[in-house]
Amino acid sequence: MRACLWVFAVVLVFGFVDGKRVERLRTERISGSAGDVLDDDPVGRFLLSSPVRTLNPDEADWFYTPIYPTCDLTPMGLPLPFKSPRMMRSAIQLISSNWPYWNRTEGSDHFFVVPHDFGACFHYQVDDQSTQCYQSPQRGIGNSKTFEIQYNEEKAVERGILPLLQRSTLVQTFGQRNHVCLNEGSITIPPFAPPQKMQAHQIPPDTPRSIFVYFRGLFYDVNNDPEGGYYARGARAAVWENFKNNPLFDISTDHPTTYYEDMQRAIFCLCPLGWAPWSPRLVEAVVFGCIPVIIADDIVLPFADAIPWEEIGVFVAEEDVPNLDTILTTIPPEVILRKQRLLAKSFYETCNVIPTTCATR
Amino acid sequence: MKLSMLQQSYMNRRSASFRASSAPLDSSTDSTIKSPAAIFWVLLHGLCCLISLVLGFRFSRLVFFFIFSTSTTTTLYMTTPFPPLAKTSTNINDLPLEIPVINRTLSSSSRVVVGRHGIRIRPWPHPRPSEVMKAHQIIESVQREQRIQSGVKSPMTVIVVTPTYVRTFQTLHLTGVMHSLMLVPYQVVWIVVEAGGATNETASIISKSGIKTLHIGFAQKMPNSWEGRHRLETKMRLRALRAVREKMMDGIVMFADDSNMHSMELFDEIQNVKWFGAVSVGILAHSGGGGGESSSAVAEKDVEPNLSNPAMPVQGPACNASNKLVGWHTFNSLPYEGKSAVYIDDRATVLPRNLEWAGFVLNSRLVWKEARDKPEWVKDFDLVAENIESPLALLKDPSMVEPLGSCGRQVLLWWLRVEARADSKFPPG
């Protein structure tokens, strides 16, 4: 873990970045199911090849600090967020002691990429006795850490953004209106979806779209919240309970190898919230021309000024989930065709700006 | 879970008595003063732990919620799960505690609450037939749009010319062609020319198609010999082309004989024709009766259509390596010398002509009197004789023919002639 910190601290890049340009960046997704947790830093790679990058700190207006606080993993292979605040603090201490730029402005011209579930609200390791008590006897010792994650998220939300980072700009995938983990001035970026993998799974565009609604993923987080009600605020469980018998809804917890191909054969792709409101499904749906059905109240979507999310996606309130089939079938066909046309257009618009990280069609 | 209800009410009663002296939540667990209230809190805490160990959820939070819901109001944010929950009949948890825990971050004013929510299930979570229909209509319109997007940009009307006459197998053959035409995703105009005059039988068959039809009667009766039939069919096709010319029909003319079989890709491929195109036709030449000949013919039919494979003869354009038309593959009638059928109800093999009309498609403007970009290598339609062998006679320069179906390598339709004995009758009804 220490080694990771040192590697990234040494690779600090000082860059001059136009405020608007920063919005077009993408970053990696930190999640156990992604499998590519330790992928290269796409944001850093993009900035390194950007024309606005300079290696001379004196002429720089913005400083990019690539720090990977969740680079340690649990024994199960999931990211370990408990040491994140400590790592972040040591990293900032390193840069503030070696270079004068942090102290000059208290970090307000530095920006960090925090692609974690709740942005810069890191999970804290809780030591006090009280939380230990809330473990159910059904959970074994091996799961005690994961059980803590659920409640620590609430605690992390309680404690808010790390105070050291309060003045810096945060580039994050998490976005929810009026939430403590989304500062004003933070930039919401789309989650990372691997471009090579997406390109490799393309099918001919004239393959008829025969799946009405498609979703693959968890409905109940059996490790952390088996009864349901906490995970996704009950929305995913509601989707399952209401539509598991509906032939129009191709939903399951499978992990098929034809996941991307199936998305290209579907008209609607559900993008419900999980523990956090964002998910790479949104990006994948846009890339594959499947209309995203966003079920996440108060979500802040990335690049909202460039991508007309209301026009290309369907927004469903979490309380309307039981009526999802009615909502989707009462959309007139002309509107659906228009959304599909706009999807193709939006894809090209966003990907033209980041040619290195986007799949080409 | 009556036990929990009892305990809950018990806890409520106990905690209610302490409401007046309720301390803020955060400080309660940090208290170290050994006062009766503190000891009580510790005991209460222990009891909560025991209960949650047994029941498996955070029970004490719920208790504190009950306490604070009556005293404080600023931190109360609830999404409204109650009204919809009242409508649901079942819930995945049979616990009575479907109450959201309040969001205790005082700084935020989010509408969304962190904590336990109910799982909303509507009373009859099964698909409704009207919605399934609507969904299928949506799927159909999306697929139509996809076809438009990826397929031909501006599809032309397909004008189909079919010569026919009333006989035993007419219903069989005509229905086959009709069903193929009904599946074509483009506009179709079906010109049916009938030998022996327009009859009600033919009219009743083609009226079931649902596509635009033009039923033309041809005064001559169909002769009994294959030779005569071929000649008459040629005249009937030219009569149809005359109708196209007179009515100035716009589209792509193709010749669909009523006993032929057409693939759907044929109709997509002919959209690519500019003026005059040729496709490869698989020839299913067989003998009408039983015996060794027919079994080998059956084997021929099952073989993959392949130009290099002599099992199924193919008629059509021949191209060289650079995909330019250099000649024609025609039917080799030498093996059948003297053994071919002469009369329509003969049991011998029926042979096709050298080049069948079915293998050619043309732009309808070629037969118009006045067309803007009509090429000079086309003869004027009025000067064409009545006994031409194939549509190639319409052209002055046969090398201008466009080979379709990847230069004739794809067989897109099959030629077949099957007729019943003269005295047989088609089953009624």
# chains A, B, ... in the order shown; residues from 1 in each chain; ligands from 1

$ interface_residues --of "chain A" --to "chain B" --cutoff "6 Å" --atoms "only C-alpha atoms" --output "JSON, numbers by chain"
{"A": [136, 158, 178, 179, 180, 206, 208, 229, 230, 233, 234, 238, 242, 246, 322, 329, 333]}

$ residues_around --residues "range 263-276 of chain B" --least-positions-apart "2" --cutoff "6 Å" --atoms "only C-alpha atoms" --output "list in words"
Val361, Leu362, Asn363, Val401, Leu412 and Leu413 of chain B

$ select_by_dssp --residues "range 111-330 of chain B" --states "strand (DSSP E)" --output "compact mmCIF listing (two decimals) with C-alpha atoms, in the first residue's frame"
# COMPACT_ATOMS: atom_id res chain seq x y z
CA VAL B 158 -41.10 -3.63 -56.72
CA ILE B 159 -43.26 -4.35 -59.76
CA VAL B 160 -43.77 -8.09 -60.02
CA VAL B 161 -44.90 -9.67 -63.28
CA THR B 162 -46.47 -13.12 -63.01
CA PRO B 163 -47.98 -14.98 -65.92
CA THR B 164 -50.53 -17.59 -64.82
CA VAL B 188 -45.15 -4.07 -54.15
CA VAL B 189 -47.33 -3.88 -57.25
CA TRP B 190 -48.29 -7.32 -58.53
CA ILE B 191 -49.20 -7.58 -62.18
CA VAL B 192 -50.88 -10.92 -62.78
CA VAL B 193 -51.43 -11.73 -66.43
CA GLU B 194 -53.81 -14.61 -66.95
CA ALA B 195 -54.01 -16.68 -70.09
CA LYS B 212 -51.71 -3.78 -54.78
CA THR B 213 -52.55 -6.09 -57.67
CA LEU B 214 -53.25 -5.59 -61.37
CA HIS B 215 -55.12 -8.47 -62.90
CA ILE B 216 -54.79 -8.48 -66.70
CA GLY B 217 -56.58 -11.00 -68.85
CA PHE B 218 -54.84 -12.30 -71.97
CA ILE B 252 -38.06 -2.10 -60.40
CA VAL B 253 -39.64 -4.76 -62.58
CA MET B 254 -38.96 -8.38 -61.74
CA PHE B 255 -40.43 -11.54 -63.23
CA MET B 261 -39.26 -19.86 -55.22
CA HIS B 262 -37.88 -16.50 -54.20
CA PHE B 276 -30.78 -3.62 -65.97
CA GLY B 277 -29.59 -6.35 -63.67
CA ALA B 278 -29.18 -10.10 -63.70
CA SER B 280 -28.31 -16.20 -60.57
CA VAL B 281 -31.18 -18.66 -60.75
CA GLY B 282 -30.90 -22.15 -59.38
CA ILE B 283 -32.46 -24.62 -61.76
CA VAL B 314 -27.33 -22.32 -62.04
CA GLN B 315 -28.22 -19.81 -64.70
CA GLY B 316 -26.91 -16.34 -64.46
CA PRO B 317 -24.18 -13.81 -65.04
CA ALA B 318 -20.61 -14.99 -65.22
CA CYS B 319 -17.91 -12.69 -63.97
CA LEU B 325 -19.60 -9.37 -66.57
CA VAL B 326 -17.98 -11.53 -69.19
CA GLY B 327 -20.66 -14.00 -70.12
CA TRP B 328 -23.51 -16.15 -69.01
CA HIS B 329 -23.96 -19.44 -67.28

$ closest_residue --among "A:Gln176, A:Ser252, A:Gln199, A:Thr326" --to "Ala296 in chain A" --atoms "only C-alpha atoms"
A:Gln176

$ select_by_dssp --residues "range 215-357 of chain B" --states "alpha helix (DSSP H)" --output "VMD selection string"
chain B and resid 226 to 247 264 to 270 292 to 302

$ write_last_selection --atoms "C-alpha atoms" --output "compact mmCIF listing (two decimals), in the first residue's frame"
# COMPACT_ATOMS: atom_id res chain seq x y z
CA TRP B 226 -44.09 -26.58 -72.92
CA GLU B 227 -42.80 -24.93 -76.05
CA GLY B 228 -46.10 -23.20 -76.61
CA ARG B 229 -46.34 -22.30 -72.96
CA HIS B 230 -42.97 -20.60 -72.97
CA ARG B 231 -43.88 -18.57 -76.01
CA LEU B 232 -47.21 -17.52 -74.60
CA GLU B 233 -45.64 -16.58 -71.28
CA THR B 234 -43.21 -14.34 -73.11
CA LYS B 235 -46.11 -12.60 -74.81
CA MET B 236 -47.88 -12.22 -71.49
CA ARG B 237 -44.86 -10.68 -69.86
CA LEU B 238 -44.52 -8.23 -72.72
CA ARG B 239 -48.19 -7.38 -72.25
CA ALA B 240 -47.44 -6.60 -68.60
CA LEU B 241 -44.52 -4.42 -69.59
CA ARG B 242 -46.85 -2.57 -71.90
CA ALA B 243 -49.10 -1.90 -68.94
CA VAL B 244 -46.10 -0.56 -67.02
CA ARG B 245 -45.31 1.69 -69.96
CA GLU B 246 -48.86 2.97 -70.35
CA LYS B 247 -49.40 3.65 -66.69
CA MET B 264 -36.17 -12.52 -49.23
CA GLU B 265 -32.64 -11.42 -49.96
CA LEU B 266 -33.58 -11.25 -53.64
CA PHE B 267 -35.89 -8.32 -53.00
CA ASP B 268 -33.20 -6.51 -51.00
CA GLU B 269 -30.61 -7.15 -53.68
CA ILE B 270 -32.65 -5.95 -56.63
CA GLY B 292 -34.13 -43.44 -60.20
CA GLU B 293 -34.06 -40.13 -62.01
CA SER B 294 -36.24 -38.36 -59.51
CA SER B 295 -34.31 -39.61 -56.49
CA SER B 296 -31.13 -38.18 -57.92
CA ALA B 297 -33.04 -35.01 -58.64
CA VAL B 298 -34.12 -34.89 -55.02
CA ALA B 299 -30.50 -35.21 -53.98
CA GLU B 300 -29.68 -32.36 -56.30
CA LYS B 301 -32.22 -30.12 -54.65
CA ASP B 302 -30.72 -30.64 -51.19

$ residues_around --residues "Leu164 in chain A" --least-positions-apart "5" --cutoff "10 Å" --atoms "only C-alpha atoms" --output "ChimeraX atom specification"
/A:85,88-89,92,106-107

$ write_last_selection --atoms "N, CA, C and O atoms" --output "tab-separated table (two decimals), in the first residue's frame"
chain	number	residue	atom	x	y	z
A	85	PRO	N	-8.64	8.01	4.04
A	85	PRO	CA	-8.34	9.34	4.57
A	85	PRO	C	-6.88	9.47	4.97
A	85	PRO	O	-6.24	10.50	4.73
A	88	MET	N	-4.79	9.83	1.86
A	88	MET	CA	-4.96	11.15	1.28
A	88	MET	C	-4.18	12.19	2.06
A	88	MET	O	-3.51	13.05	1.51
A	89	ARG	N	-4.27	12.08	3.39
A	89	ARG	CA	-3.57	13.06	4.22
A	89	ARG	C	-2.07	12.97	4.03
A	89	ARG	O	-1.38	14.00	3.93
A	92	ILE	N	-1.10	14.51	0.70
A	92	ILE	CA	-1.14	15.97	0.70
A	92	ILE	C	0.01	16.51	1.52
A	92	ILE	O	0.61	17.54	1.17
A	106	GLU	N	-3.88	26.92	-0.40
A	106	GLU	CA	-4.62	25.93	0.40
A	106	GLU	C	-5.28	24.87	-0.49
A	106	GLU	O	-6.36	24.39	-0.18
A	107	GLY	N	-4.61	24.58	-1.57
A	107	GLY	CA	-5.10	23.49	-2.41
A	107	GLY	C	-6.27	23.82	-3.32
A	107	GLY	O	-6.84	22.93	-3.92

$ closest_residue --among "A:Trp99, A:Phe249, A:Trp278, A:Phe288" --to "Gln264 in chain A" --atoms "only C-alpha atoms"
A:Phe288
